[in-house]
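Structure file structure.pdb; described as PDB, C-alpha atoms and all ligand atoms.
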ATOM      1  CA  MET A   1       0.000   0.000   0.000  1.00  0.00           C
ATOM      2  CA  LEU A   2       1.254   3.469  -0.852  1.00  0.00           C
ATOM      3  CA  SER A   3       1.820   5.964   1.897  1.00  0.00           C
ATOM      4  CA  GLN A   4      -0.747   8.724   2.100  1.00  0.00           C
ATOM      5  CA  LYS A   5      -0.968  12.171   3.555  1.00  0.00           C
ATOM      6  CA  CYS A   6      -3.043  13.605   6.334  1.00  0.00           C
ATOM      7  CA  ASN A   7      -5.539  15.901   4.608  1.00  0.00           C
ATOM      8  CA  ARG A   8      -5.219  18.434   7.414  1.00  0.00           C
ATOM      9  CA  CYS A   9      -1.504  18.810   8.176  1.00  0.00           C
ATOM     10  CA  THR A  10      -0.099  16.943   5.138  1.00  0.00           C
ATOM     11  CA  LYS A  11       1.972  14.662   7.389  1.00  0.00           C
ATOM     12  CA  ILE A  12       2.985  11.494   5.588  1.00  0.00           C
ATOM     13  CA  ILE A  13       1.201   8.425   6.882  1.00  0.00           C
ATOM     14  CA  ASP A  14       3.403   5.438   6.208  1.00  0.00           C
ATOM     15  CA  PRO A  15       2.032   1.976   5.470  1.00  0.00           C
ATOM     16  CA  GLY A  16       1.051   0.357   8.775  1.00  0.00           C
ATOM     17  CA  ASP A  17       0.766   3.693  10.605  1.00  0.00           C
ATOM     18  CA  LEU A  18      -2.391   4.455  12.510  1.00  0.00           C
ATOM     19  CA  PHE A  19      -4.623   6.904  10.725  1.00  0.00           C
ATOM     20  CA  TYR A  20      -8.264   7.862  10.742  1.00  0.00           C
ATOM     21  CA  ARG A  21     -10.860   8.295   8.081  1.00  0.00           C
ATOM     22  CA  LEU A  22     -13.250  11.177   8.518  1.00  0.00           C
ATOM     23  CA  THR A  23     -16.460  11.023   6.548  1.00  0.00           C
ATOM     24  CA  ILE A  24     -18.830  13.944   6.809  1.00  0.00           C
ATOM     25  CA  LYS A  25     -22.292  13.708   5.380  1.00  0.00           C
ATOM     26  CA  VAL A  26     -24.393  16.817   5.119  1.00  0.00           C
ATOM     27  CA  PHE A  27     -27.923  16.286   3.980  1.00  0.00           C
ATOM     28  CA  ALA A  28     -31.151  18.185   3.987  1.00  0.00           C
ATOM     29  CA  GLU A  29     -33.486  17.167   6.760  1.00  0.00           C
ATOM     30  CA  PHE A  30     -37.192  17.790   6.798  1.00  0.00           C
ATOM     31  CA  ASP A  31     -39.403  17.543   9.859  1.00  0.00           C
ATOM     32  CA  GLY A  32     -42.557  17.059   7.818  1.00  0.00           C
ATOM     33  CA  ILE A  33     -44.037  20.418   8.721  1.00  0.00           C
ATOM     34  CA  ILE A  34     -44.860  22.854   5.983  1.00  0.00           C
ATOM     35  CA  ASN A  35     -45.454  26.274   7.421  1.00  0.00           C
ATOM     36  CA  ILE A  36     -47.895  27.720   4.929  1.00  0.00           C
ATOM     37  CA  LYS A  37     -48.513  30.940   6.859  1.00  0.00           C
ATOM     38  CA  SER A  38     -44.910  32.076   6.829  1.00  0.00           C
ATOM     39  CA  ALA A  39     -44.006  30.602   3.488  1.00  0.00           C
ATOM     40  CA  LYS A  40     -44.630  33.072   0.764  1.00  0.00           C
ATOM     41  CA  ILE A  41     -43.706  30.540  -1.830  1.00  0.00           C
ATOM     42  CA  ASN A  42     -45.162  30.498  -5.250  1.00  0.00           C
ATOM     43  CA  LEU A  43     -45.006  26.768  -5.840  1.00  0.00           C
ATOM     44  CA  LYS A  44     -45.281  27.049  -9.590  1.00  0.00           C
ATOM     45  CA  GLU A  45     -42.458  29.565  -9.626  1.00  0.00           C
ATOM     46  CA  GLU A  46     -40.282  27.395  -7.396  1.00  0.00           C
ATOM     47  CA  ILE A  47     -40.761  24.368  -9.594  1.00  0.00           C
ATOM     48  CA  GLU A  48     -39.833  26.382 -12.676  1.00  0.00           C
ATOM     49  CA  LYS A  49     -36.769  27.717 -10.876  1.00  0.00           C
ATOM     50  CA  ALA A  50     -35.719  24.224  -9.815  1.00  0.00           C
ATOM     51  CA  LYS A  51     -36.052  22.982 -13.362  1.00  0.00           C
ATOM     52  CA  SER A  52     -33.604  25.573 -14.594  1.00  0.00           C
ATOM     53  CA  TYR A  53     -30.858  24.590 -12.118  1.00  0.00           C
ATOM     54  CA  PRO A  54     -28.292  22.053 -13.211  1.00  0.00           C
ATOM     55  CA  GLU A  55     -29.047  18.733 -11.557  1.00  0.00           C
ATOM     56  CA  ASP A  56     -25.726  18.323  -9.763  1.00  0.00           C
ATOM     57  CA  LEU A  57     -26.171  21.731  -8.164  1.00  0.00           C
ATOM     58  CA  ILE A  58     -29.516  20.719  -6.714  1.00  0.00           C
ATOM     59  CA  GLU A  59     -28.009  17.474  -5.506  1.00  0.00           C
ATOM     60  CA  GLU A  60     -25.245  19.370  -3.746  1.00  0.00           C
ATOM     61  CA  GLU A  61     -27.888  21.471  -2.039  1.00  0.00           C
ATOM     62  CA  VAL A  62     -29.508  18.330  -0.656  1.00  0.00           C
ATOM     63  CA  TYR A  63     -26.554  16.054  -0.047  1.00  0.00           C
ATOM     64  CA  LYS A  64     -22.844  16.588   0.333  1.00  0.00           C
ATOM     65  CA  GLU A  65     -20.218  14.142   1.434  1.00  0.00           C
ATOM     66  CA  PHE A  66     -16.628  14.755   2.490  1.00  0.00           C
ATOM     67  CA  ASP A  67     -13.991  12.108   2.914  1.00  0.00           C
ATOM     68  CA  PHE A  68     -10.686  12.856   4.648  1.00  0.00           C
ATOM     69  CA  VAL A  69      -7.691  10.979   5.951  1.00  0.00           C
ATOM     70  CA  LEU A  70      -6.372  12.244   9.293  1.00  0.00           C
ATOM     71  CA  CYS A  71      -3.249  11.499  11.287  1.00  0.00           C
ATOM     72  CA  PRO A  72      -3.847  10.698  15.005  1.00  0.00           C
ATOM     73  CA  ARG A  73      -2.945  14.230  16.073  1.00  0.00           C
ATOM     74  CA  CYS A  74      -5.343  15.878  13.642  1.00  0.00           C
ATOM     75  CA  LYS A  75      -8.032  13.390  14.612  1.00  0.00           C
ATOM     76  CA  GLU A  76      -7.677  14.538  18.236  1.00  0.00           C
ATOM     77  CA  ILE A  77      -7.836  18.171  17.202  1.00  0.00           C
ATOM     78  CA  TYR A  78     -10.842  17.575  14.997  1.00  0.00           C
ATOM     79  CA  CYS A  79     -12.744  15.559  17.602  1.00  0.00           C
ATOM     80  CA  ALA A  80     -12.128  18.188  20.268  1.00  0.00           C
ATOM     81  CA  ASN A  81     -14.117  20.742  18.273  1.00  0.00           C
ATOM     82  CA  PRO A  82     -15.757  19.249  15.195  1.00  0.00           C
ATOM     83  CA  LEU A  83     -18.013  22.235  14.551  1.00  0.00           C
ATOM     84  CA  TYR A  84     -15.156  24.687  14.879  1.00  0.00           C
ATOM     85  CA  LEU A  85     -16.945  26.554  17.615  1.00  0.00           C
ATOM     86  CA  PRO A  86     -15.244  29.503  19.281  1.00  0.00           C
ATOM     87  CA  LEU A  87     -13.461  28.308  22.398  1.00  0.00           C
ATOM     88  CA  GLY A  88     -14.786  30.030  25.469  1.00  0.00           C
TER      89      GLY A  88
HETATM   90 ZN    ZN A 101      -2.507  15.587  10.451  1.00  0.00          ZN
END
Could you show the structure in this file as structure tokens?
Ligand SMILES: [Zn+2]
Amino acid sequence: MLSQKCNRCTKIIDPGDLFYRLTIKVFAEFDGIINIKSAKINLKEEIEKAKSYPEDLIEEEVYKEFDFVLCPRCKEIYCANPLYLPLG
């Protein structure tokens, strides 16, 4: 197996070294509630708009997946603050 690099710090991960795979899936969630009162949506207009978007763009809006390789140090750093929140 070829050595690979940590996607965060670019450290070389040699064959047999411990490393981590980070997969992030971001997808649109829907709670089933359509708020008609607050939604000033012209459905016909929205459908027409959606039709004019390229399909892969719409897909990206609904689902996005990231796949990274991390060295143990970067895994620790990532897990300590996965949402990159300000440290208080
Ligand atoms: Zn790293």
Practice item. Collect all residues with atoms no farther than 10 Å from ligand ZN 101 (chain A), counting all atoms listed in the file, and output them as a PyMOL selection string. Key: chain A and resi 5-13+19-20+69-78
Check your understanding: Which of these, A:Lys25, A:Gly88, A:Leu43, A:Cys79, has the shortest distance to Phe66 in chain A once you count all atoms listed in the file?
Key -> A:Lys25
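With only C-alpha atoms as the atoms that count, the residue of A:Ala50, A:Ile24, A:Leu18, A:Leu57 with the shortest distance to Leu83 in chain A is A:Ile24.
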Point to revise | Hits of the PyMOL selection byres (((chain A and resi 22) around 6) and not hetatm) in this structure, as JSON, numbers by chain | key: {"A": [21, 23, 67, 68]}
Practice item. For Val26 in chain A, work out the shell of residues within 10 Å, counting only C-alpha atoms and skipping chain neighbours fewer than 2 positions away, then give it as a PyMOL selection string. Key: chain A and resi 23-24+28-29+60-66
Practice item. Measure the distance from CA of Glu59 in chain A to CA of Lys44 in chain A in Å and round it to one decimal. Key: 20.2 Å
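Our summary of the geometry notes that CA of Phe27 in chain A is positioned 20.7 Å from CA of Lys49 in chain A.
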